[in-house]
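**Q** This one is input-v7.txt, compact mmCIF, C-alpha atoms.
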```
# COMPACT_ATOMS: atom_id res chain seq x y z
CA MET A 1 -8.56 16.72 6.30
CA VAL A 2 -9.82 19.48 4.03
CA GLY A 3 -7.73 22.46 2.99
CA GLN A 4 -8.29 25.80 1.33
CA LEU A 5 -6.22 27.66 -1.24
CA VAL A 6 -6.46 31.46 -1.17
CA LEU A 7 -4.85 33.76 -3.71
CA VAL A 8 -3.91 37.28 -2.62
CA ARG A 9 -2.88 39.68 -5.38
CA GLU A 10 -0.28 41.61 -3.43
CA LYS A 11 3.16 41.12 -1.92
CA GLY A 12 3.43 38.91 1.12
CA ARG A 13 4.96 35.79 2.61
CA PHE A 14 3.43 32.38 2.09
CA ARG A 15 1.63 31.13 5.17
CA VAL A 16 -0.49 28.25 6.37
CA GLU A 17 -3.10 28.68 9.07
CA GLU A 18 -6.15 27.05 10.56
CA ALA A 19 -9.37 28.77 9.55
CA CYS A 20 -13.14 28.35 9.80
CA LEU A 21 -15.49 28.47 6.83
CA GLY A 22 -18.77 28.76 8.67
CA PRO A 23 -18.98 25.57 10.76
CA LEU A 24 -16.22 23.87 8.74
CA GLN A 25 -12.60 23.94 9.93
CA VAL A 26 -9.92 23.88 7.23
CA LEU A 27 -6.17 24.26 6.84
CA ARG A 28 -5.67 27.35 4.69
CA ALA A 29 -2.68 28.08 2.49
CA VAL A 30 -2.33 31.69 1.39
CA ILE A 31 -0.50 32.28 -1.89
CA TYR A 32 0.65 35.79 -2.81
CA GLU A 33 0.66 36.87 -6.44
CA PRO A 34 1.81 40.49 -6.74
CA GLU A 35 1.53 42.30 -10.04
CA GLY A 36 4.28 41.31 -12.46
CA LEU A 37 5.06 37.97 -10.79
CA ARG A 38 6.63 35.66 -13.35
CA SER A 39 4.61 32.57 -14.25
CA TRP A 40 7.35 30.17 -13.16
CA ARG A 41 7.41 31.79 -9.72
CA LEU A 42 3.65 31.45 -9.44
CA ARG A 43 3.88 27.76 -10.39
CA ARG A 44 6.53 27.29 -7.72
CA ARG A 45 4.34 28.97 -5.08
CA LEU A 46 1.33 26.90 -6.06
CA ARG A 47 3.32 23.65 -5.90
CA ARG A 48 4.72 24.64 -2.51
CA ALA A 49 1.22 25.28 -1.17
CA GLU A 50 0.03 21.92 -2.48
CA ARG A 51 3.02 20.10 -1.04
CA VAL A 52 2.66 21.64 2.41
CA LEU A 53 -1.06 20.88 2.61
CA ALA A 54 -0.58 17.33 1.31
CA GLN A 55 2.08 16.70 3.95
CA GLU A 56 -0.49 17.71 6.57
CA GLY A 57 -2.91 15.08 5.28
CA VAL A 58 -5.03 17.33 3.07
CA GLY A 59 -6.50 15.63 0.01
CA ARG A 60 -9.18 18.08 -1.12
CA VAL A 61 -9.30 21.85 -1.11
CA VAL A 62 -11.95 24.53 -1.11
CA LEU A 63 -11.35 27.13 -3.81
CA GLY A 64 -12.95 30.56 -3.90
CA ASP A 65 -14.98 31.50 -6.97
CA GLY A 66 -12.19 33.78 -8.14
CA PHE A 67 -9.37 31.20 -7.85
CA PRO A 68 -8.09 30.85 -11.42
CA TYR A 69 -5.65 27.97 -11.11
CA GLY A 70 -7.81 25.02 -10.11
CA ASP A 71 -6.88 23.19 -13.31
CA ARG A 72 -3.20 23.34 -12.38
CA LEU A 73 -3.52 21.34 -9.17
CA VAL A 74 -1.46 18.15 -9.10
CA LEU A 75 -1.39 16.84 -5.52
CA LEU A 76 -4.81 18.10 -4.41
CA ARG A 77 -8.28 18.13 -5.93
CA ALA A 78 -11.00 20.69 -5.60
CA VAL A 79 -14.16 19.83 -3.67
CA ASP A 80 -16.80 18.47 -6.06
CA THR A 81 -20.29 19.89 -5.56
CA LEU A 82 -21.99 17.67 -8.14
CA PRO A 83 -22.89 14.82 -5.73
CA LEU A 84 -24.66 17.34 -3.50
CA ARG A 85 -26.64 18.75 -6.42
CA ARG A 86 -27.68 15.33 -7.72
CA GLU A 87 -28.65 13.98 -4.30
CA CYS A 88 -30.71 17.14 -3.67
CA ALA A 89 -32.45 17.16 -7.05
CA ASP A 90 -35.87 17.16 -5.37
CA VAL A 91 -34.98 20.23 -3.29
CA LEU A 92 -33.73 22.06 -6.38
CA ALA A 93 -36.79 21.09 -8.42
CA LEU A 94 -39.13 22.43 -5.74
CA GLY A 95 -36.99 25.57 -5.54
CA ALA A 96 -37.25 26.00 -9.29
CA LEU A 97 -41.04 25.70 -9.05
CA ALA A 98 -41.10 28.38 -6.36
CA ALA A 99 -38.89 30.63 -8.48
CA GLU A 100 -41.37 30.24 -11.33
CA GLY A 101 -44.27 31.15 -9.04
CA ALA A 102 -45.79 27.65 -9.08
CA SER A 103 -46.83 25.85 -5.91
CA PRO A 104 -45.84 22.16 -5.73
CA LYS A 105 -49.45 20.96 -5.73
CA ARG A 106 -50.05 22.83 -8.98
CA GLY A 107 -46.66 22.21 -10.56
CA ARG A 108 -45.29 19.50 -12.82
CA VAL A 109 -41.64 18.44 -12.70
CA ALA A 110 -39.71 16.73 -15.49
CA LEU A 111 -36.80 14.46 -14.59
CA SER A 112 -34.54 14.01 -17.60
CA ALA A 113 -31.57 11.64 -17.90
CA PRO A 114 -29.69 9.54 -20.48
CA ARG A 115 -30.69 6.52 -18.37
CA LEU A 116 -32.53 5.82 -15.14
CA CYS A 117 -30.19 6.33 -12.19
CA ARG A 118 -30.41 6.14 -8.42
CA GLU A 119 -30.47 9.92 -7.97
CA LEU A 120 -33.34 10.33 -10.43
CA GLU A 121 -35.36 7.58 -8.79
CA ASP A 122 -34.72 8.97 -5.30
CA ALA A 123 -35.82 12.43 -6.47
CA ALA A 124 -38.94 11.01 -8.13
CA GLU A 125 -40.07 9.16 -5.00
CA ARG A 126 -39.53 12.23 -2.83
CA LEU A 127 -41.38 14.48 -5.27
CA CYS A 128 -44.37 12.20 -5.86
CA PRO A 129 -46.21 13.10 -2.63
CA GLN A 130 -45.58 16.80 -3.19
CA VAL A 131 -46.20 17.74 -6.82
CA ARG A 132 -49.09 17.65 -9.26
CA GLY A 133 -47.32 15.47 -11.78
CA LEU A 134 -44.01 14.03 -12.90
CA LEU A 135 -42.58 13.55 -16.36
CA ILE A 136 -39.85 10.91 -16.64
CA ASP A 137 -37.75 11.59 -19.73
CA ALA A 138 -35.30 8.67 -19.85
CA PRO A 139 -35.02 5.25 -21.50
CA GLY A 140 -37.39 3.01 -19.57
CA GLY A 141 -39.11 6.08 -18.17
CA GLU A 142 -42.63 5.08 -19.22
CA GLU A 143 -42.45 1.81 -17.31
CA TYR A 144 -40.96 3.55 -14.27
CA ALA A 145 -43.66 6.24 -14.44
CA ARG A 146 -46.33 3.50 -14.35
CA TYR A 147 -44.63 2.09 -11.26
CA LEU A 148 -44.77 5.51 -9.61
CA GLN A 149 -48.41 5.90 -10.56
CA ALA A 150 -49.26 2.52 -9.03
CA LYS A 151 -47.32 3.25 -5.84
CA PHE A 152 -48.22 6.92 -5.29
CA GLY A 153 -51.30 7.48 -7.44
CA LEU A 154 -49.48 10.29 -9.21
CA PRO A 155 -50.64 11.04 -12.77
CA VAL A 156 -48.26 9.91 -15.49
CA THR A 157 -47.47 13.02 -17.54
CA PRO A 158 -46.59 12.37 -21.21
CA PRO A 159 -43.87 14.54 -22.78
CA VAL A 160 -46.46 16.35 -24.92
CA ALA A 161 -48.07 17.69 -21.74
CA GLY A 162 -44.80 19.35 -20.71
CA ALA A 163 -43.74 20.46 -17.25
CA ASP A 164 -43.09 23.66 -15.33
CA VAL A 165 -39.45 22.87 -14.50
CA THR A 166 -36.84 20.25 -15.34
CA ALA A 167 -34.17 18.53 -13.28
CA ALA A 168 -31.71 17.20 -15.87
CA PHE A 169 -29.18 14.50 -15.00
CA GLY A 170 -27.48 14.61 -18.39
CA PRO A 171 -26.88 17.05 -21.26
CA GLY A 172 -29.31 15.31 -23.62
CA GLY A 173 -33.05 14.90 -23.29
CA GLY A 174 -35.87 17.40 -23.10
CA ARG A 175 -36.11 20.67 -21.22
CA TRP A 176 -39.36 22.11 -19.94
CA GLY A 177 -39.51 25.43 -18.12
CA ARG A 178 -36.60 26.46 -15.92
CA ALA A 179 -33.98 23.69 -15.87
CA VAL A 180 -31.48 22.76 -13.17
CA GLU A 181 -28.66 20.82 -14.82
CA LEU A 182 -27.16 18.19 -12.55
CA TYR A 183 -24.13 17.10 -14.53
CA ASP A 184 -20.58 18.29 -15.24
CA ARG A 185 -20.58 21.90 -16.49
CA GLY A 186 -24.32 22.12 -15.93
CA THR A 187 -25.92 25.24 -14.49
CA LEU A 188 -28.57 25.80 -11.84
CA ASN A 189 -29.91 28.71 -13.88
CA GLY A 190 -29.78 31.35 -11.20
CA LEU A 191 -30.60 29.12 -8.23
CA VAL A 192 -28.42 28.17 -5.28
CA LEU A 193 -28.73 25.72 -2.39
CA LYS A 194 -28.73 27.30 1.06
CA LEU A 195 -28.48 26.02 4.61
CA GLU A 196 -31.18 27.55 6.78
CA GLY A 197 -29.88 29.58 9.71
CA VAL A 198 -26.19 29.16 8.83
CA GLU A 199 -24.00 31.84 7.28
CA LEU A 200 -21.58 30.35 4.74
CA PRO A 201 -18.72 32.20 2.99
CA ALA A 202 -20.18 33.74 -0.15
CA ASP A 203 -17.31 32.76 -2.47
CA CYS A 204 -17.28 29.05 -1.58
CA ALA A 205 -20.67 28.39 0.05
CA GLU A 206 -21.65 25.45 -2.13
CA GLN A 207 -18.33 23.67 -1.60
CA VAL A 208 -18.64 24.05 2.17
CA LEU A 209 -22.24 22.85 2.02
CA ALA A 210 -21.17 19.84 -0.07
CA LEU A 211 -18.63 18.86 2.58
CA LEU A 212 -21.11 19.29 5.44
CA TRP A 213 -23.65 17.20 3.52
CA GLU A 214 -21.07 14.49 2.87
CA GLN A 215 -20.19 14.40 6.57
CA GLY A 216 -23.84 13.98 7.57
CA GLU A 217 -23.94 17.39 9.27
CA VAL A 218 -26.89 18.63 7.20
CA ARG A 219 -30.44 17.29 7.03
CA ARG A 220 -32.50 17.57 3.86
CA GLU A 221 -35.17 19.61 5.64
CA GLU A 222 -32.52 22.20 6.56
CA LEU A 223 -31.87 22.99 2.89
CA SER A 224 -33.62 25.68 0.90
CA VAL A 225 -33.20 27.23 -2.54
CA GLY A 226 -32.60 30.91 -3.22
CA GLU A 227 -31.60 33.18 -6.05
CA ASP A 228 -27.89 33.38 -6.82
CA SER A 229 -26.94 36.94 -5.83
CA PHE A 230 -24.11 37.05 -8.39
CA ILE A 231 -26.43 36.22 -11.26
CA SER A 232 -29.39 38.28 -10.08
CA SER A 233 -27.13 41.32 -9.76
CA GLY A 234 -25.80 40.84 -13.28
CA LYS A 235 -22.35 39.68 -12.12
CA THR A 236 -20.59 36.52 -13.24
CA ARG A 237 -18.58 34.08 -11.20
```
Spit out the file's structure as structure tokens when you get a sec.

**A**
Amino acid sequence: MVGQLVLVREKGRFRVEEACLGPLQVLRAVIYEPEGLRSWRLRRRLRRAERVLAQEGVGRVVLGDGFPYGDRLVLLRAVDTLPLRRECADVLALGALAAEGASPKRGRVALSAPRLCRELEDAAERLCPQVRGLLIDAPGGEEYARYLQAKFGLPVTPPVAGADVTAAFGPGGGRWGRAVELYDRGTLNGLVLKLEGVELPADCAEQVLALLWEQGEVRREELSVGEDSFISSGKTR
């Protein structure tokens, strides 16, 4: 079961309730933090919320973008969106091309990683029939690029030729054009994954999408890439 922790900055009584986040049903714990609440009282309220959700079988929780205490969780862990991002690297790369005004058939994509990995190879094979060229920036990348060229007939792009966008699976390696960083603390540089035709809560949309993807409720062709409204409006999360 999945839970949700919500922080309300006013007086109120702790409560637990069933709630829907788009198509996802969760068990929500509401924690009240009025102005002037002592830190030890807040810790007590947070622990109580964790304990109650854990007793109901909750192991992971959705946290809103403004929830400041995710690093204090002991019994529960926040939903991880990184697997979704890495498994949808091809979708994000094509979205980055579109954001840069380049059509796939005219665009080159760089896939950068500290080593070849399953997610990079899956992205490469999905992108090959769609893009003008691929650049594989990883140890063993030249040999893998030759394999892709033999299988798909796709031109092998040397690093000197560059690329329009980069999907990076690690903090090292090259960057060409707009980069989507698919690793811990990486950024999508103003892009966001969306689910076509489904309204998701703005402050936790990616976490909900990650759970739906994990549960097999979302098909790849239902995903699209848009501009992050927080970033495009000059706000920060």

**Q** Which of these residues is nearest to Gly66 (chain A), using all atoms listed in the file: A:Arg9, A:Arg220, A:Arg45, A:Lys194?

**A** A:Arg9

**Q** Go through A:Gly197, A:Glu217, A:Leu135, A:Ala123 and flag the residue nearest Arg85 (chain A), using only C-alpha atoms for the distances.

**A**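 Among the listed residues, the smallest separation from Arg85 (chain A) belongs to A:Ala123.
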
**Q** Fewer than 3 positions away in the same chain doesn't count, so skip those; otherwise give me all residues within 10 Å of Gly59 (chain A), counting only C-alpha atoms, as a list of chain:residue names.

**A**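 The contact residues come out as A:Met1, A:Val2, A:Gly3, A:Glu50, A:Leu53, A:Ala54, A:Gln55, A:Glu56, A:Leu75, A:Leu76, A:Arg77, A:Ala78, A:Val79.
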
**Q** For the interface of region 71-148 of chain A with region 159-172 of chain A (cut-off 9 Å, counting all atoms listed in the file), please tabulate each contacting residue of region 71-148 of chain A alongside its nearest pair of atoms and their separation in Å to one decimal, rows sorted by chain and increasing number, as JSON lines.

**A**
```
{"residue": "A:Arg86", "atom": "CA", "partner": "A:Phe169", "partner_atom": "CA", "distance": 7.5}
{"residue": "A:Ala89", "atom": "CA", "partner": "A:Ala167", "partner_atom": "CA", "distance": 6.6}
{"residue": "A:Asp90", "atom": "CA", "partner": "A:Ala167", "partner_atom": "CA", "distance": 8.2}
{"residue": "A:Leu92", "atom": "CA", "partner": "A:Ala167", "partner_atom": "CA", "distance": 7.8}
{"residue": "A:Ala93", "atom": "CA", "partner": "A:Ala167", "partner_atom": "CA", "distance": 6.1}
{"residue": "A:Leu94", "atom": "CA", "partner": "A:Val165", "partner_atom": "CA", "distance": 8.8}
{"residue": "A:Ala96", "atom": "CA", "partner": "A:Val165", "partner_atom": "CA", "distance": 6.5}
{"residue": "A:Leu97", "atom": "CA", "partner": "A:Val165", "partner_atom": "CA", "distance": 6.3}
{"residue": "A:Glu100", "atom": "CA", "partner": "A:Asp164", "partner_atom": "CA", "distance": 7.9}
{"residue": "A:Ala102", "atom": "CA", "partner": "A:Asp164", "partner_atom": "CA", "distance": 7.9}
{"residue": "A:Gly107", "atom": "CA", "partner": "A:Asp164", "partner_atom": "CA", "distance": 6.1}
{"residue": "A:Arg108", "atom": "CA", "partner": "A:Ala163", "partner_atom": "CA", "distance": 4.8}
{"residue": "A:Val109", "atom": "CA", "partner": "A:Val165", "partner_atom": "CA", "distance": 5.3}
{"residue": "A:Ala110", "atom": "CA", "partner": "A:Thr166", "partner_atom": "CA", "distance": 4.5}
{"residue": "A:Leu111", "atom": "CA", "partner": "A:Ala167", "partner_atom": "CA", "distance": 5.0}
{"residue": "A:Ser112", "atom": "CA", "partner": "A:Ala168", "partner_atom": "CA", "distance": 4.6}
{"residue": "A:Ala113", "atom": "CA", "partner": "A:Phe169", "partner_atom": "CA", "distance": 4.7}
{"residue": "A:Pro114", "atom": "CA", "partner": "A:Gly170", "partner_atom": "CA", "distance": 5.9}
{"residue": "A:Arg115", "atom": "CA", "partner": "A:Gly170", "partner_atom": "CA", "distance": 8.7}
{"residue": "A:Cys117", "atom": "CA", "partner": "A:Phe169", "partner_atom": "CA", "distance": 8.7}
{"residue": "A:Glu119", "atom": "CA", "partner": "A:Phe169", "partner_atom": "CA", "distance": 8.5}
{"residue": "A:Leu120", "atom": "CA", "partner": "A:Phe169", "partner_atom": "CA", "distance": 7.5}
{"residue": "A:Gly133", "atom": "CA", "partner": "A:Ala163", "partner_atom": "CA", "distance": 8.2}
{"residue": "A:Leu134", "atom": "CA", "partner": "A:Ala163", "partner_atom": "CA", "distance": 7.8}
{"residue": "A:Leu135", "atom": "CA", "partner": "A:Pro159", "partner_atom": "CA", "distance": 6.6}
{"residue": "A:Ile136", "atom": "CA", "partner": "A:Pro159", "partner_atom": "CA", "distance": 8.2}
{"residue": "A:Asp137", "atom": "CA", "partner": "A:Pro159", "partner_atom": "CA", "distance": 7.4}
```

**Q** For a test of reading the model, state the distance in Å between CA of Leu212 (chain A) and CA of Glu87 (chain A), rounded to one decimal.

**A**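 It comes out at 13.4 Å.
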
**Q** Given the choices A:Leu116, A:Val91, A:Glu199, A:Cys20, which gets closest to Val225 (chain A) if the distance is worked out from only C-alpha atoms?

**A** A:Val91

**Q** If you measure from CA of Leu5 (chain A) to CA of Ile31 (chain A), what distance in Å do you get, rounded to one decimal?

**A** 7.4 Å

**Q** Would you pick out the contacts of Glu227 (chain A) at 12 Å or less, using all atoms listed in the file, so that residues sharing its chain but fewer than 4 positions from it are not included, and give the list as a ChimeraX atom specification?

**A** /A:92,95-96,98-100,188-194,231-233

**Q** Report the distance between CA of Glu10 (chain A) and CA of Glu35 (chain A) in Å, rounded to one decimal place.

**A** 6.9 Å

**Q** Nearest to Glu214 (chain A) among A:Val74, A:Pro83, A:Leu24, A:Arg175, with distances taken over all atoms listed in the file: which residue is it?

**A**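 Using all atoms listed in the file, the shortest distance to Glu214 (chain A) belongs to A:Pro83.
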
**Q** With distances taken over only C-alpha atoms, which residue among A:Arg219, A:Arg28, A:Arg126, A:Arg38 lies nearest Val58 (chain A)?

**A**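 Among the listed residues, the smallest separation from Val58 (chain A) belongs to A:Arg28.
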
**Q** Just the residues within 6 Å of Arg106 (chain A), please, counting all atoms listed in the file, with nothing from its chain fewer than 2 positions along; format it as a PyMOL selection string.

**A** chain A and resi 103-104+132
